[in-house]
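Containing mmCIF, C-alpha atoms: entry_34.cif.
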data_input
#
loop_
_atom_site.label_atom_id
_atom_site.label_comp_id
_atom_site.auth_asym_id
_atom_site.auth_seq_id
_atom_site.Cartn_x
_atom_site.Cartn_y
_atom_site.Cartn_z
CA ALA A 1 35.94 96.03 192.78
CA GLN A 2 37.74 98.60 190.70
CA LYS A 3 41.07 97.90 189.13
CA VAL A 4 43.47 99.46 186.66
CA THR A 5 46.04 97.35 184.84
CA GLN A 6 49.03 98.73 183.01
CA ALA A 7 50.65 95.59 181.70
CA GLN A 8 53.73 97.33 180.33
CA THR A 9 56.14 97.92 183.18
CA GLU A 10 58.85 99.56 181.10
CA ILE A 11 59.12 100.67 177.49
CA SER A 12 62.22 101.95 175.76
CA VAL A 13 62.09 103.71 172.40
CA VAL A 14 64.35 105.83 170.28
CA GLU A 15 63.48 109.46 169.76
CA LYS A 16 60.89 110.11 167.02
CA GLU A 17 59.34 106.68 167.38
CA ASP A 18 55.64 106.43 168.16
CA VAL A 19 54.73 104.62 171.36
CA THR A 20 51.44 103.43 172.85
CA LEU A 21 50.88 102.91 176.56
CA ASP A 22 48.14 100.46 177.40
CA CYS A 23 45.55 100.81 180.14
CA VAL A 24 42.78 98.33 180.94
CA TYR A 25 40.27 99.02 183.69
CA GLU A 26 37.59 97.18 185.62
CA THR A 27 34.57 98.78 187.23
CA ARG A 28 30.92 98.02 187.84
CA ASP A 29 30.01 101.69 187.89
CA THR A 30 28.15 103.03 184.88
CA THR A 31 29.52 106.50 185.50
CA TYR A 32 33.25 106.81 185.87
CA TYR A 33 36.22 108.89 184.85
CA LEU A 34 39.56 107.85 183.47
CA PHE A 35 42.75 109.84 183.81
CA TRP A 36 46.35 109.85 182.69
CA TYR A 37 49.08 111.41 184.79
CA LYS A 38 52.75 111.90 183.98
CA GLN A 39 55.46 111.60 186.61
CA PRO A 40 58.76 112.95 185.27
CA PRO A 41 62.08 112.14 186.98
CA SER A 42 61.60 115.20 189.19
CA GLY A 43 58.78 113.32 190.89
CA GLU A 44 55.70 115.51 190.64
CA LEU A 45 52.44 114.21 189.19
CA VAL A 46 51.19 116.12 186.18
CA PHE A 47 47.60 115.79 185.04
CA LEU A 48 47.34 115.03 181.31
CA ILE A 49 43.75 114.15 180.50
CA ARG A 50 40.36 113.24 181.96
CA ARG A 51 37.68 111.32 180.09
CA ASN A 52 34.20 110.43 181.31
CA SER A 53 32.47 107.14 180.60
CA PHE A 54 29.89 108.71 178.31
CA ASP A 55 32.39 110.26 175.97
CA GLU A 56 34.15 107.75 173.73
CA GLN A 57 35.56 110.32 171.36
CA ASN A 58 39.25 110.05 170.88
CA GLU A 59 41.28 113.01 171.99
CA ILE A 60 44.34 114.54 170.40
CA SER A 61 46.53 117.16 171.99
CA GLY A 62 49.64 117.92 170.01
CA ARG A 63 51.74 114.76 169.94
CA TYR A 64 49.50 113.05 172.49
CA SER A 65 46.39 111.09 171.67
CA TRP A 66 44.06 108.91 173.67
CA ASN A 67 41.87 106.04 172.52
CA PHE A 68 38.96 105.16 174.81
CA GLN A 69 37.05 101.96 174.02
CA LYS A 70 34.35 100.88 176.45
CA SER A 71 33.87 97.59 174.59
CA THR A 72 37.35 96.49 175.62
CA SER A 73 37.57 98.58 178.82
CA SER A 74 40.70 100.24 177.54
CA PHE A 75 42.02 103.79 177.58
CA ASN A 76 45.29 103.76 175.67
CA PHE A 77 47.71 106.65 175.32
CA THR A 78 49.85 107.24 172.23
CA ILE A 79 52.79 109.59 171.93
CA THR A 80 53.67 110.41 168.34
CA ALA A 81 57.25 111.29 167.42
CA SER A 82 58.48 110.77 170.97
CA GLN A 83 61.05 113.10 172.48
CA VAL A 84 63.55 112.70 175.29
CA VAL A 85 61.41 115.01 177.44
CA ASP A 86 58.65 112.41 177.28
CA SER A 87 60.73 110.12 179.47
CA ALA A 88 58.65 109.60 182.61
CA VAL A 89 56.40 107.18 184.41
CA TYR A 90 52.85 107.37 183.13
CA PHE A 91 49.92 106.41 185.32
CA CYS A 92 46.42 105.54 184.25
CA ALA A 93 43.77 106.05 186.93
CA LEU A 94 40.06 105.38 187.41
CA LYS A 95 37.47 107.16 189.51
CA GLY A 96 34.05 105.60 189.89
CA TYR A 97 30.91 106.94 191.48
CA GLY A 98 29.38 103.81 192.89
CA GLY A 99 31.42 103.54 196.06
CA SER A 100 33.82 105.69 198.02
CA GLN A 101 34.14 109.42 197.62
CA GLY A 102 35.73 109.50 194.23
CA ASN A 103 39.25 108.57 195.11
CA LEU A 104 41.50 107.55 192.27
CA ILE A 105 42.47 103.95 191.64
CA PHE A 106 45.89 103.95 190.03
CA GLY A 107 47.62 101.44 187.85
CA LYS A 108 51.21 100.60 188.69
CA GLY A 109 52.53 102.83 185.95
CA THR A 110 54.56 102.41 182.79
CA LYS A 111 58.08 103.76 182.74
CA LEU A 112 58.87 105.23 179.34
CA SER A 113 62.48 105.86 178.37
CA VAL A 114 63.08 107.80 175.18
CA LYS A 115 66.66 107.62 174.02
CA PRO A 116 68.23 110.18 171.70
CA ASN B 1 47.80 130.30 192.44
CA ALA B 2 50.47 128.13 194.03
CA GLY B 3 48.16 125.09 193.71
CA VAL B 4 48.95 122.31 196.19
CA THR B 5 52.05 122.77 198.32
CA GLN B 6 53.68 120.25 200.62
CA THR B 7 56.34 120.52 203.27
CA PRO B 8 58.90 119.19 203.89
CA LYS B 9 60.25 117.85 200.60
CA PHE B 10 62.48 115.30 202.30
CA ARG B 11 62.67 113.88 205.80
CA ILE B 12 64.51 111.11 207.58
CA LEU B 13 62.95 109.74 210.76
CA LYS B 14 64.09 107.23 213.30
CA ILE B 15 61.81 104.36 214.24
CA GLY B 16 59.26 105.50 216.81
CA GLN B 17 59.54 109.21 216.06
CA SER B 18 56.53 111.23 215.03
CA MET B 19 56.04 113.96 212.47
CA THR B 20 53.43 115.90 210.55
CA LEU B 21 53.42 116.29 206.80
CA GLN B 22 51.90 119.59 205.81
CA CYS B 23 49.61 120.16 202.82
CA THR B 24 48.01 123.42 201.74
CA GLN B 25 45.95 124.31 198.68
CA ASP B 26 44.83 127.72 197.50
CA MET B 27 42.28 126.64 194.91
CA ASN B 28 39.32 126.60 197.31
CA HIS B 29 38.88 122.89 196.69
CA ASN B 30 36.71 121.15 199.24
CA TYR B 31 38.08 117.64 198.69
CA MET B 32 41.61 116.78 199.78
CA TYR B 33 43.50 113.51 199.76
CA TRP B 34 46.67 111.86 201.00
CA TYR B 35 48.33 109.12 198.97
CA ARG B 36 51.51 107.14 199.38
CA GLN B 37 53.61 105.83 196.52
CA ASP B 38 55.89 102.88 197.09
CA PRO B 39 58.65 102.00 194.59
CA GLY B 40 57.30 100.52 191.37
CA MET B 41 53.72 100.97 192.49
CA GLY B 42 50.89 103.32 191.82
CA LEU B 43 49.48 105.57 194.47
CA LYS B 44 47.34 104.27 197.31
CA LEU B 45 44.88 106.40 199.24
CA ILE B 46 45.59 106.88 202.94
CA TYR B 47 42.92 109.36 204.03
CA TYR B 48 40.64 111.87 202.40
CA SER B 49 38.47 114.77 203.44
CA VAL B 50 35.33 116.15 201.81
CA GLY B 51 35.43 119.40 203.74
CA ALA B 52 36.57 121.08 206.92
CA GLY B 53 35.87 118.86 209.90
CA ILE B 54 35.15 115.74 207.83
CA THR B 55 37.71 113.03 207.19
CA ASP B 56 37.57 109.36 206.30
CA LYS B 57 39.88 106.41 205.81
CA GLY B 58 41.17 105.28 202.49
CA GLU B 59 42.78 102.01 201.50
CA VAL B 60 45.87 102.13 203.77
CA PRO B 61 45.12 104.29 206.86
CA ASN B 62 46.93 102.30 209.57
CA GLY B 63 49.69 104.25 211.29
CA TYR B 64 48.39 107.64 210.17
CA ASN B 65 46.03 110.32 211.38
CA VAL B 66 44.60 113.41 209.74
CA SER B 67 42.64 116.50 210.65
CA ARG B 68 40.94 119.19 208.57
CA SER B 69 40.26 122.36 210.49
CA THR B 70 40.27 124.65 207.44
CA THR B 71 39.47 124.31 203.74
CA GLU B 72 43.08 125.05 202.84
CA ASP B 73 45.04 122.69 205.11
CA PHE B 74 45.11 118.92 205.44
CA PRO B 75 48.02 117.70 207.58
CA LEU B 76 49.00 114.05 207.84
CA ARG B 77 50.36 112.81 211.15
CA LEU B 78 52.65 109.81 211.69
CA GLU B 79 52.65 108.96 215.39
CA LEU B 80 55.14 106.09 215.68
CA ALA B 81 57.19 105.91 212.52
CA ALA B 82 57.98 102.45 211.18
CA PRO B 83 60.23 101.35 208.29
CA SER B 84 57.09 100.28 206.38
CA GLN B 85 56.14 103.95 206.19
CA THR B 86 59.15 104.76 204.06
CA SER B 87 57.49 106.12 200.94
CA VAL B 88 56.73 109.20 198.90
CA TYR B 89 53.63 110.98 200.13
CA PHE B 90 51.42 113.01 197.85
CA CYS B 91 48.65 115.38 198.80
CA ALA B 92 45.94 116.21 196.26
CA SER B 93 42.83 118.32 196.05
CA SER B 94 39.75 118.49 193.86
CA TYR B 95 36.34 120.11 193.60
CA PRO B 96 33.83 117.39 192.70
CA GLY B 97 30.44 118.50 191.51
CA ARG B 98 31.78 120.90 188.92
CA SER B 99 32.56 118.68 185.97
CA SER B 100 35.23 120.88 184.56
CA THR B 101 37.23 120.80 187.76
CA ASP B 102 36.54 117.29 189.04
CA THR B 103 40.17 116.40 188.64
CA GLN B 104 42.68 115.78 191.39
CA TYR B 105 45.70 118.06 191.37
CA PHE B 106 48.76 116.88 193.21
CA GLY B 107 51.42 118.51 195.31
CA PRO B 108 55.13 117.89 194.65
CA GLY B 109 55.39 115.12 197.23
CA THR B 110 57.31 114.45 200.43
CA ARG B 111 59.97 111.75 200.40
CA LEU B 112 60.08 110.10 203.83
CA THR B 113 62.64 107.57 205.00
CA VAL B 114 62.28 105.75 208.32
CA LEU B 115 65.47 104.14 209.63
#

Kindly return the structure encoded in the file as structure tokens.
Amino acid sequence: AQKVTQAQTEISVVEKEDVTLDCVYETRDTTYYLFWYKQPPSGELVFLIRRNSFDEQNEISGRYSWNFQKSTSSFNFTITASQVVDSAVYFCALKGYGGSQGNLIFGKGTKLSVKP
Amino acid sequence: NAGVTQTPKFRILKIGQSMTLQCTQDMNHNYMYWYRQDPGMGLKLIYYSVGAGITDKGEVPNGYNVSRSTTEDFPLRLELAAPSQTSVYFCASSYPGRSSTDTQYFGPGTRLTVL
């Protein structure tokens, strides 16, 4: 069975603090993809990043960075120098290729509140 | 490109009523999906389609039906609305097989309340 766990339900930080959102996944597939999506208060789902299981390089995009470690089945997301506009619910998701047609398995999300 | 569009944005139904949630994408994606998001939860797959004329159940299909007559459209039908179907519904599309685009892109969602 595939599963995504985001243990942090809510996180509150003050602007300019760094914050890390944790994501732990379970899968028996050897080929899989991991994703992060952002859901701002307006409600839409915004794609942030996709990482495949064969690429463990960390990724940095501006203030965002992602740390993928297969040894611990984790795909953590760090926001550096957080801003109020980062306030949103962040979802980690997994797509495997051993079973159904590639649908996403979502974690329950982490609600990030960045206060000025 | 408009991407994935959904209508309506909001809807209130009475128990037992029926309705269709519309979803259209203009990215020529062959895969389309319907998810529901309940408060404090991640998204759960209701139905998906790998191409026109082909649909299959996801994790929570009971109470819903879908059809896919064209590549662009993937409507979701609720036949007998129940309070348990109060949720936010998201449609998504993707184009698996091309690694650079094997990502699901979501519509803005439809907030449905059944009273």

Which residues, written as a ChimeraX atom specification, have at least one atom at most 9 Å from B:Gly40, with all atoms listed in the file counted and residues fewer than 3 positions away on the same chain left out?
/A:9,108-109 /B:37

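Within the 6 Å cut-off around stretch 39-47 of chain A, using only C-alpha atoms and omitting residues fewer than 3 positions from it on the same chain, the listed residues are Ala88 and Val89 of chain A; Pro108 of chain B.
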
Going by the chain IDs and residue numbers used in this file, which residues fall under the PyMOL selection byres ((chain B) within 12 of (chain A))? Write them as a PDB file with C-alpha atoms, in the coordinates of the input.
ATOM      1  CA  VAL B   4      48.950 122.310 196.190  1.00  0.00           C
ATOM      2  CA  THR B   5      52.050 122.770 198.320  1.00  0.00           C
ATOM      3  CA  GLN B   6      53.680 120.250 200.620  1.00  0.00           C
ATOM      4  CA  LYS B   9      60.250 117.850 200.600  1.00  0.00           C
ATOM      5  CA  TYR B  31      38.080 117.640 198.690  1.00  0.00           C
ATOM      6  CA  MET B  32      41.610 116.780 199.780  1.00  0.00           C
ATOM      7  CA  TYR B  33      43.500 113.510 199.760  1.00  0.00           C
ATOM      8  CA  TRP B  34      46.670 111.860 201.000  1.00  0.00           C
ATOM      9  CA  TYR B  35      48.330 109.120 198.970  1.00  0.00           C
ATOM     10  CA  ARG B  36      51.510 107.140 199.380  1.00  0.00           C
ATOM     11  CA  GLN B  37      53.610 105.830 196.520  1.00  0.00           C
ATOM     12  CA  ASP B  38      55.890 102.880 197.090  1.00  0.00           C
ATOM     13  CA  PRO B  39      58.650 102.000 194.590  1.00  0.00           C
ATOM     14  CA  GLY B  40      57.300 100.520 191.370  1.00  0.00           C
ATOM     15  CA  MET B  41      53.720 100.970 192.490  1.00  0.00           C
ATOM     16  CA  GLY B  42      50.890 103.320 191.820  1.00  0.00           C
ATOM     17  CA  LEU B  43      49.480 105.570 194.470  1.00  0.00           C
ATOM     18  CA  LYS B  44      47.340 104.270 197.310  1.00  0.00           C
ATOM     19  CA  LEU B  45      44.880 106.400 199.240  1.00  0.00           C
ATOM     20  CA  ILE B  46      45.590 106.880 202.940  1.00  0.00           C
ATOM     21  CA  TYR B  47      42.920 109.360 204.030  1.00  0.00           C
ATOM     22  CA  TYR B  48      40.640 111.870 202.400  1.00  0.00           C
ATOM     23  CA  SER B  49      38.470 114.770 203.440  1.00  0.00           C
ATOM     24  CA  VAL B  50      35.330 116.150 201.810  1.00  0.00           C
ATOM     25  CA  GLY B  51      35.430 119.400 203.740  1.00  0.00           C
ATOM     26  CA  THR B  55      37.710 113.030 207.190  1.00  0.00           C
ATOM     27  CA  ASP B  56      37.570 109.360 206.300  1.00  0.00           C
ATOM     28  CA  LYS B  57      39.880 106.410 205.810  1.00  0.00           C
ATOM     29  CA  GLY B  58      41.170 105.280 202.490  1.00  0.00           C
ATOM     30  CA  GLU B  59      42.780 102.010 201.500  1.00  0.00           C
ATOM     31  CA  VAL B  88      56.730 109.200 198.900  1.00  0.00           C
ATOM     32  CA  TYR B  89      53.630 110.980 200.130  1.00  0.00           C
ATOM     33  CA  PHE B  90      51.420 113.010 197.850  1.00  0.00           C
ATOM     34  CA  CYS B  91      48.650 115.380 198.800  1.00  0.00           C
ATOM     35  CA  ALA B  92      45.940 116.210 196.260  1.00  0.00           C
ATOM     36  CA  SER B  93      42.830 118.320 196.050  1.00  0.00           C
ATOM     37  CA  SER B  94      39.750 118.490 193.860  1.00  0.00           C
ATOM     38  CA  TYR B  95      36.340 120.110 193.600  1.00  0.00           C
ATOM     39  CA  PRO B  96      33.830 117.390 192.700  1.00  0.00           C
ATOM     40  CA  GLY B  97      30.440 118.500 191.510  1.00  0.00           C
ATOM     41  CA  SER B  99      32.560 118.680 185.970  1.00  0.00           C
ATOM     42  CA  SER B 100      35.230 120.880 184.560  1.00  0.00           C
ATOM     43  CA  THR B 101      37.230 120.800 187.760  1.00  0.00           C
ATOM     44  CA  ASP B 102      36.540 117.290 189.040  1.00  0.00           C
ATOM     45  CA  THR B 103      40.170 116.400 188.640  1.00  0.00           C
ATOM     46  CA  GLN B 104      42.680 115.780 191.390  1.00  0.00           C
ATOM     47  CA  TYR B 105      45.700 118.060 191.370  1.00  0.00           C
ATOM     48  CA  PHE B 106      48.760 116.880 193.210  1.00  0.00           C
ATOM     49  CA  GLY B 107      51.420 118.510 195.310  1.00  0.00           C
ATOM     50  CA  PRO B 108      55.130 117.890 194.650  1.00  0.00           C
ATOM     51  CA  GLY B 109      55.390 115.120 197.230  1.00  0.00           C
ATOM     52  CA  THR B 110      57.310 114.450 200.430  1.00  0.00           C
ATOM     53  CA  ARG B 111      59.970 111.750 200.400  1.00  0.00           C
TER      54      ARG B 111
END

Do a neighbour search on A:Asp86 at 9 Å with only C-alpha atoms, toss out local chain neighbours closer than 6 positions, and write the hits as a PyMOL selection string.
chain A and resi 38+40+79+112-114

For atom CA of A:Leu48 and atom CA of B:Asp73, determine how far apart the two atoms are, in Å to one decimal place.
25.1 Å
